[in-house]
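For reference, the structure discussed in these notes is given below.
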Amino acid sequence: MANLDVAGHVREIDLVVFDKDGTLIDFDHLWSGKVMAAITATIAEVDGSPDLAADLFSTLGADPASRRVLPESPLAVASIPSLVIVCATVLYRHGHPWHEAESTAQRAFRPVFQDPPTAAELKPVGDVAGLMRRLAAAGVKTSILTTDDRLGTLATLPLIGIEPLVHALVCGDDPIPSKPEPDGLLHLAALAGVAPARVLMVGDSAGDMAAARKAGAGLAVGVLSGTSRAEHFGSLAHVVVDDIHAIRVLEPAPQALR
C-alpha cells in the first residue's frame, strides 16, 4: 500500500493500471506509420484509387499529411479486429463484395497491425521504467489494460525496459470485454488481490476513464500524452495531467518520537 499523489489528488493505492499506447508510449510514433503501411498494402491489393485511400484514412481516423491519429477515432481506441472490420466496411462501400472486402482486409490490412513493434517504432513517454520501479519500491503493483493485441504488447515490454515490472496484462484479443467496459480492470484487480477502490487507472482516452468509473476505481487519471485533449475526457476523469510522470509516491510521515 502507498499514498500516491496526482496533481493534489491523494489516494491509498495498491495497483496502478496503465493503458499502453499514448500513455506509456508515443501513440503517433508507432501507429501513424503502421496505418500508412496498412492502407498502402490494402490499396495495392485491390488496385484502388486515391479516393479509396482518402476514405480509409478518414474513416479509420488518421491524417496522412500530419501523420497524426485523430482523438476518439477507431485508430485511437479500437482493437485490431475492429479496425479490420472498419477497413472491410470501407472497401464494401467502394463496390467490393463483402466477402472479398473482408478477405482483403484480413490478408493485406491486418498483418501490418499485428507485426510486433521494433525498437525504432517505440518511443516511451519519458522514463516509464523509472516510474514503475518507484511504484514497485513502494509496494504498488502495475498492470496494463490495452486494446492492442497480446503479441504486440508482450513484444513491447522488454523493448521499453518494463517486462519484469508488469504484474499482468489484459489485451484487446483476450476473451474479456474491451474498454470502456470495466471487465478488464476488474480482472486485473482480482489477479493482484486488490479491491477496485485501491486501483489507479491511467489512460489517454475517455474509454479508459469510463472503464475506471464503471469498475469503481479509486482514481481515474487522464493523460494528454496520447490522442485526446482535456475536453475529450469530459467528467469521466477525476484529474487530467500532462503524462504519467504526474504520479508521485508520497513518503510516509515519520513516526512521532517517544
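Identifiers for the C-alpha cells are assigned positionally: chains receive A, B, ... in sequence, residues are indexed from 1 per chain, and ligands are indexed from 1 in the order shown.
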*Extract the full set of strand (DSSP E or B) residues from stretch 7-175 of chain A according to DSSP on the backbone, and format it as JSON, numbers by chain.*
{"A": [9, 10, 11, 12, 13, 15, 16, 17, 18, 21, 25, 62, 63, 68, 69, 124, 141, 142, 143, 144, 145, 169, 170]}
Can you write just those residues out, N, CA and C atoms, as an mmCIF file, in the first residue's frame?
data_model
loop_
_atom_site.group_PDB
_atom_site.id
_atom_site.type_symbol
_atom_site.label_atom_id
_atom_site.label_comp_id
_atom_site.auth_asym_id
_atom_site.auth_seq_id
_atom_site.Cartn_x
_atom_site.Cartn_y
_atom_site.Cartn_z
ATOM 1 N N HIS A 9 -4.475 15.115 -5.893
ATOM 2 C CA HIS A 9 -5.438 14.060 -5.570
ATOM 3 C C HIS A 9 -4.662 12.909 -4.929
ATOM 4 N N VAL A 10 -4.836 12.725 -3.627
ATOM 5 C CA VAL A 10 -4.075 11.722 -2.888
ATOM 6 C C VAL A 10 -4.968 10.525 -2.581
ATOM 7 N N ARG A 11 -4.476 9.342 -2.904
ATOM 8 C CA ARG A 11 -5.223 8.114 -2.631
ATOM 9 C C ARG A 11 -4.270 7.035 -2.109
ATOM 10 N N GLU A 12 -4.824 6.123 -1.288
ATOM 11 C CA GLU A 12 -4.093 4.916 -0.920
ATOM 12 C C GLU A 12 -4.302 3.903 -2.033
ATOM 13 N N ILE A 13 -3.214 3.512 -2.707
ATOM 14 C CA ILE A 13 -3.285 2.710 -3.930
ATOM 15 C C ILE A 13 -2.406 1.474 -3.805
ATOM 16 N N LEU A 15 -2.536 -0.850 -6.676
ATOM 17 C CA LEU A 15 -2.334 -1.267 -8.067
ATOM 18 C C LEU A 15 -2.556 -0.076 -8.982
ATOM 19 N N VAL A 16 -1.592 0.174 -9.878
ATOM 20 C CA VAL A 16 -1.769 1.150 -10.943
ATOM 21 C C VAL A 16 -1.931 0.394 -12.251
ATOM 22 N N VAL A 17 -3.042 0.640 -12.931
ATOM 23 C CA VAL A 17 -3.300 0.016 -14.237
ATOM 24 C C VAL A 17 -3.079 1.071 -15.307
ATOM 25 N N PHE A 18 -2.162 0.785 -16.221
ATOM 26 C CA PHE A 18 -1.823 1.697 -17.300
ATOM 27 C C PHE A 18 -2.446 1.232 -18.617
ATOM 28 N N ASP A 21 -0.764 2.476 -25.352
ATOM 29 C CA ASP A 21 -0.462 3.418 -26.430
ATOM 30 C C ASP A 21 -0.997 4.809 -26.101
ATOM 31 N N ILE A 25 3.691 4.762 -24.255
ATOM 32 C CA ILE A 25 4.493 5.011 -25.456
ATOM 33 C C ILE A 25 3.800 6.043 -26.333
ATOM 34 N N ALA A 62 -7.139 8.914 -39.321
ATOM 35 C CA ALA A 62 -5.739 9.323 -39.418
ATOM 36 C C ALA A 62 -5.597 10.437 -40.450
ATOM 37 N N ASP A 63 -4.706 11.359 -40.172
ATOM 38 C CA ASP A 63 -4.406 12.452 -41.095
ATOM 39 C C ASP A 63 -3.080 12.143 -41.776
ATOM 40 N N ARG A 68 -0.856 12.118 -37.900
ATOM 41 C CA ARG A 68 -1.394 12.046 -36.549
ATOM 42 C C ARG A 68 -2.719 11.288 -36.555
ATOM 43 N N VAL A 69 -2.982 10.610 -35.445
ATOM 44 C CA VAL A 69 -4.229 9.883 -35.262
ATOM 45 C C VAL A 69 -5.218 10.809 -34.568
ATOM 46 N N PRO A 124 9.104 5.678 -25.620
ATOM 47 C CA PRO A 124 8.436 5.777 -24.317
ATOM 48 C C PRO A 124 8.098 7.214 -23.967
ATOM 49 N N LYS A 141 1.758 -2.550 -7.194
ATOM 50 C CA LYS A 141 1.852 -3.353 -8.406
ATOM 51 C C LYS A 141 1.414 -2.526 -9.615
ATOM 52 N N THR A 142 1.904 -2.918 -10.802
ATOM 53 C CA THR A 142 1.499 -2.253 -12.039
ATOM 54 C C THR A 142 1.039 -3.296 -13.050
ATOM 55 N N SER A 143 -0.038 -2.988 -13.757
ATOM 56 C CA SER A 143 -0.572 -3.846 -14.813
ATOM 57 C C SER A 143 -0.912 -2.990 -16.020
ATOM 58 N N ILE A 144 -1.214 -3.651 -17.143
ATOM 59 C CA ILE A 144 -1.526 -2.942 -18.387
ATOM 60 C C ILE A 144 -2.866 -3.430 -18.918
ATOM 61 N N LEU A 145 -3.714 -2.471 -19.304
ATOM 62 C CA LEU A 145 -5.018 -2.734 -19.919
ATOM 63 C C LEU A 145 -5.027 -2.021 -21.268
ATOM 64 N N LEU A 169 -1.423 -8.481 -17.670
ATOM 65 C CA LEU A 169 -1.926 -7.779 -18.853
ATOM 66 C C LEU A 169 -3.353 -8.211 -19.154
ATOM 67 N N VAL A 170 -4.149 -7.283 -19.676
ATOM 68 C CA VAL A 170 -5.372 -7.628 -20.391
ATOM 69 C C VAL A 170 -5.285 -6.902 -21.732
#
*All helix (DSSP H, G or I) residues (DSSP, backbone) inside stretch 152-195 of chain A, as a PyMOL selection string*: chain A and resi 152-159+163-165+183-192
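Closest to A:Asp208 among A:Glu163, A:Glu181, A:Asp55, A:Asp47 is A:Glu181, based on only C-alpha atoms.
Closest approach to A:Val194 from the set A:Ala217, A:His94, A:Asp174, A:Ile244 is made by A:Ala217, with distances taken over only C-alpha atoms.
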_Surrounding residues of stretch 97-103 of chain A excluding itself and chain neighbours under 2 positions, 12 Å, only C-alpha atoms, as a ChimeraX atom specification_ = /A:42-43,45-46,81-95,105-110
*asked:* If we count only C-alpha atoms and set the cut-off at 10 Å, which residues sit around A:Ala206, ignoring sequence neighbours fewer than 2 positions away in its own chain? Please answer as a list of chain:residue names.
replied: A:Pro71, A:Glu72, A:Val77, A:Lys179, A:Pro180, A:Gly203, A:Asp204, A:Asp208, A:Met209, A:Ala210, A:Ala211, A:Ala212, A:Gly222, A:Ser228, A:Arg229, A:Ala230, A:Glu231, A:His232, A:Phe233, A:Gly234, A:Ser235, A:Leu236, A:Ala237
Got time to write the residues from that selection, all heavy atoms, as a short mmCIF file (atom, residue, chain, number, x, y, z; two decimals), in the first residue's frame?
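Output (out_20.cif):
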data_model
loop_
_atom_site.label_atom_id
_atom_site.label_comp_id
_atom_site.auth_asym_id
_atom_site.auth_seq_id
_atom_site.Cartn_x
_atom_site.Cartn_y
_atom_site.Cartn_z
N PRO A 71 -8.35 12.13 -32.27
CA PRO A 71 -8.88 11.74 -30.97
C PRO A 71 -10.19 10.96 -31.08
O PRO A 71 -11.04 11.26 -31.91
CB PRO A 71 -9.13 13.09 -30.27
CG PRO A 71 -8.23 14.06 -30.96
CD PRO A 71 -8.16 13.59 -32.39
N GLU A 72 -10.32 9.94 -30.23
CA GLU A 72 -11.54 9.13 -30.12
C GLU A 72 -11.96 8.49 -31.45
O GLU A 72 -13.13 8.15 -31.64
CB GLU A 72 -12.68 9.97 -29.53
CG GLU A 72 -12.39 10.49 -28.13
CD GLU A 72 -12.11 9.40 -27.12
OE1 GLU A 72 -12.78 8.36 -27.17
OE2 GLU A 72 -11.22 9.59 -26.27
N VAL A 77 -8.85 4.10 -30.41
CA VAL A 77 -9.43 3.37 -29.29
C VAL A 77 -9.83 1.93 -29.60
O VAL A 77 -10.06 1.15 -28.66
CB VAL A 77 -10.67 4.12 -28.74
CG1 VAL A 77 -10.29 5.51 -28.27
CG2 VAL A 77 -11.79 4.20 -29.77
N LYS A 179 -12.38 -2.16 -23.04
CA LYS A 179 -12.78 -0.82 -22.63
C LYS A 179 -13.73 -0.24 -23.66
O LYS A 179 -13.58 -0.52 -24.85
CB LYS A 179 -11.54 0.08 -22.53
CG LYS A 179 -10.49 -0.40 -21.53
CD LYS A 179 -9.23 0.46 -21.56
CE LYS A 179 -8.39 0.22 -22.78
NZ LYS A 179 -7.08 0.91 -22.72
N PRO A 180 -14.77 0.49 -23.22
CA PRO A 180 -14.96 1.11 -21.91
C PRO A 180 -15.64 0.23 -20.86
O PRO A 180 -16.01 0.72 -19.80
CB PRO A 180 -15.85 2.30 -22.24
CG PRO A 180 -16.69 1.82 -23.37
CD PRO A 180 -15.77 0.96 -24.20
N GLY A 203 -4.96 6.58 -18.37
CA GLY A 203 -5.05 6.35 -19.81
C GLY A 203 -5.31 7.64 -20.57
O GLY A 203 -5.58 8.68 -19.97
N ASP A 204 -5.25 7.53 -21.88
CA ASP A 204 -5.35 8.74 -22.72
C ASP A 204 -6.67 8.84 -23.47
O ASP A 204 -6.77 9.62 -24.43
CB ASP A 204 -4.19 8.78 -23.72
CG ASP A 204 -4.33 7.77 -24.85
OD1 ASP A 204 -4.77 6.62 -24.57
OD2 ASP A 204 -4.03 8.10 -26.01
N ASP A 208 -10.83 4.70 -21.37
CA ASP A 208 -10.06 4.32 -20.19
C ASP A 208 -10.73 4.82 -18.92
O ASP A 208 -10.84 4.10 -17.92
CB ASP A 208 -8.65 4.92 -20.27
CG ASP A 208 -7.82 4.37 -21.40
OD1 ASP A 208 -7.83 3.15 -21.60
OD2 ASP A 208 -7.16 5.16 -22.10
N MET A 209 -11.18 6.09 -18.98
CA MET A 209 -11.80 6.69 -17.81
C MET A 209 -13.16 6.07 -17.51
O MET A 209 -13.52 5.86 -16.34
CB MET A 209 -11.95 8.20 -18.01
CG MET A 209 -10.64 8.95 -18.26
SD MET A 209 -9.43 8.80 -16.91
CE MET A 209 -8.38 7.44 -17.47
N ALA A 210 -13.91 5.74 -18.56
CA ALA A 210 -15.22 5.10 -18.36
C ALA A 210 -15.05 3.73 -17.71
O ALA A 210 -15.81 3.36 -16.81
CB ALA A 210 -15.95 4.98 -19.69
N ALA A 211 -14.04 2.97 -18.16
CA ALA A 211 -13.78 1.67 -17.55
C ALA A 211 -13.45 1.82 -16.07
O ALA A 211 -13.92 1.05 -15.23
CB ALA A 211 -12.63 0.97 -18.28
N ALA A 212 -12.64 2.83 -15.75
CA ALA A 212 -12.27 3.07 -14.35
C ALA A 212 -13.48 3.41 -13.51
O ALA A 212 -13.67 2.89 -12.40
CB ALA A 212 -11.23 4.19 -14.27
N GLY A 222 -6.63 10.92 -16.47
CA GLY A 222 -6.49 11.11 -17.90
C GLY A 222 -5.18 11.81 -18.21
O GLY A 222 -4.80 12.76 -17.53
N SER A 228 -5.99 12.22 -27.06
CA SER A 228 -7.11 13.02 -26.54
C SER A 228 -6.64 14.34 -25.95
O SER A 228 -5.51 14.47 -25.46
CB SER A 228 -7.87 12.24 -25.46
OG SER A 228 -8.49 11.10 -26.00
N ARG A 229 -7.53 15.31 -26.00
CA ARG A 229 -7.34 16.59 -25.31
C ARG A 229 -8.23 16.59 -24.07
O ARG A 229 -9.09 15.72 -23.91
CB ARG A 229 -7.67 17.74 -26.23
CG ARG A 229 -6.88 17.74 -27.55
CD ARG A 229 -5.47 18.32 -27.39
NE ARG A 229 -4.57 17.54 -26.54
CZ ARG A 229 -3.82 16.52 -26.98
NH1 ARG A 229 -3.87 16.15 -28.25
NH2 ARG A 229 -3.02 15.88 -26.16
N ALA A 230 -8.04 17.61 -23.24
CA ALA A 230 -8.74 17.62 -21.96
C ALA A 230 -10.25 17.51 -22.11
O ALA A 230 -10.92 16.81 -21.34
CB ALA A 230 -8.37 18.89 -21.19
N GLU A 231 -10.81 18.19 -23.14
CA GLU A 231 -12.26 18.19 -23.29
C GLU A 231 -12.82 16.82 -23.66
O GLU A 231 -14.01 16.55 -23.47
CB GLU A 231 -12.68 19.22 -24.34
CG GLU A 231 -12.11 19.00 -25.72
CD GLU A 231 -10.80 19.71 -25.98
OE1 GLU A 231 -10.12 20.05 -24.99
OE2 GLU A 231 -10.47 19.93 -27.16
N HIS A 232 -11.99 15.93 -24.19
CA HIS A 232 -12.47 14.61 -24.59
C HIS A 232 -12.77 13.72 -23.38
O HIS A 232 -13.53 12.76 -23.49
CB HIS A 232 -11.46 13.92 -25.51
CG HIS A 232 -11.27 14.62 -26.82
ND1 HIS A 232 -10.03 15.02 -27.27
CD2 HIS A 232 -12.16 15.03 -27.75
CE1 HIS A 232 -10.17 15.63 -28.43
NE2 HIS A 232 -11.44 15.64 -28.75
N PHE A 233 -12.17 14.04 -22.24
CA PHE A 233 -12.41 13.22 -21.05
C PHE A 233 -13.73 13.59 -20.37
O PHE A 233 -14.28 12.79 -19.62
CB PHE A 233 -11.26 13.39 -20.05
CG PHE A 233 -9.94 12.87 -20.56
CD1 PHE A 233 -8.92 13.74 -20.89
CD2 PHE A 233 -9.73 11.52 -20.70
CE1 PHE A 233 -7.70 13.27 -21.35
CE2 PHE A 233 -8.52 11.02 -21.16
CZ PHE A 233 -7.50 11.91 -21.49
N GLY A 234 -14.23 14.78 -20.64
CA GLY A 234 -15.47 15.22 -20.01
C GLY A 234 -15.35 15.15 -18.50
O GLY A 234 -14.35 15.56 -17.91
N SER A 235 -16.37 14.60 -17.87
CA SER A 235 -16.38 14.48 -16.41
C SER A 235 -15.93 13.09 -15.95
O SER A 235 -16.04 12.77 -14.76
CB SER A 235 -17.78 14.77 -15.88
OG SER A 235 -18.72 13.83 -16.41
N LEU A 236 -15.43 12.28 -16.87
CA LEU A 236 -15.09 10.90 -16.52
C LEU A 236 -13.81 10.80 -15.71
O LEU A 236 -13.67 9.92 -14.86
CB LEU A 236 -14.96 10.05 -17.80
CG LEU A 236 -16.26 9.81 -18.57
CD1 LEU A 236 -15.96 9.16 -19.91
CD2 LEU A 236 -17.20 8.93 -17.76
N ALA A 237 -12.83 11.67 -15.99
CA ALA A 237 -11.57 11.63 -15.26
C ALA A 237 -11.69 12.39 -13.94
O ALA A 237 -12.30 13.45 -13.88
CB ALA A 237 -10.46 12.24 -16.11
#
*Which is closest to A:Ser79 among A:Ile162, A:Ala119, A:Cys171, A:Leu186, if we use only C-alpha atoms?*
A:Cys171
Excluding stretch 149-152 of chain A and any residue of its chain fewer than 4 positions from it, enumerate the residues within 7 Å of it, using only C-alpha atoms, and give them as a short mmCIF file (atom, residue, chain, number, x, y, z; two decimals) with C-alpha atoms, in the first residue's frame.
data_model
loop_
_atom_site.label_atom_id
_atom_site.label_comp_id
_atom_site.auth_asym_id
_atom_site.auth_seq_id
_atom_site.Cartn_x
_atom_site.Cartn_y
_atom_site.Cartn_z
CA ILE A 80 -7.22 -4.66 -34.20
CA GLN A 114 -0.22 -7.47 -35.97
CA ASP A 115 3.51 -7.36 -36.70
CA PRO A 116 5.31 -6.92 -33.35
CA PRO A 117 6.85 -3.46 -32.99
CA THR A 156 6.77 -4.02 -26.35
CA CYS A 171 -5.22 -7.15 -24.16
CA GLY A 172 -7.65 -6.49 -26.99
CA ASP A 173 -7.67 -10.07 -28.26
#
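Minimum atom-to-atom distances from A:Val125, A:Ala120, A:Leu154, A:Ala189 to A:Asp242 were compared using only C-alpha atoms, and the lowest value belongs to A:Val125.
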*Between atom CA of A:Thr59 and atom CA of A:Ser73, what is the distance, to one decimal in Å?*
8.2 Å
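Of the residues listed (A:Val6, A:Leu131, A:Ala76, A:Ala65), A:Val6 shows the shortest atom-to-atom separation from A:Gly218; distances use only C-alpha atoms.
Among A:Val241, A:Ala215, A:Ala44, A:Leu4, the residue with the shortest atom-to-atom distance to A:Gly184, counting only C-alpha atoms, is A:Ala215.
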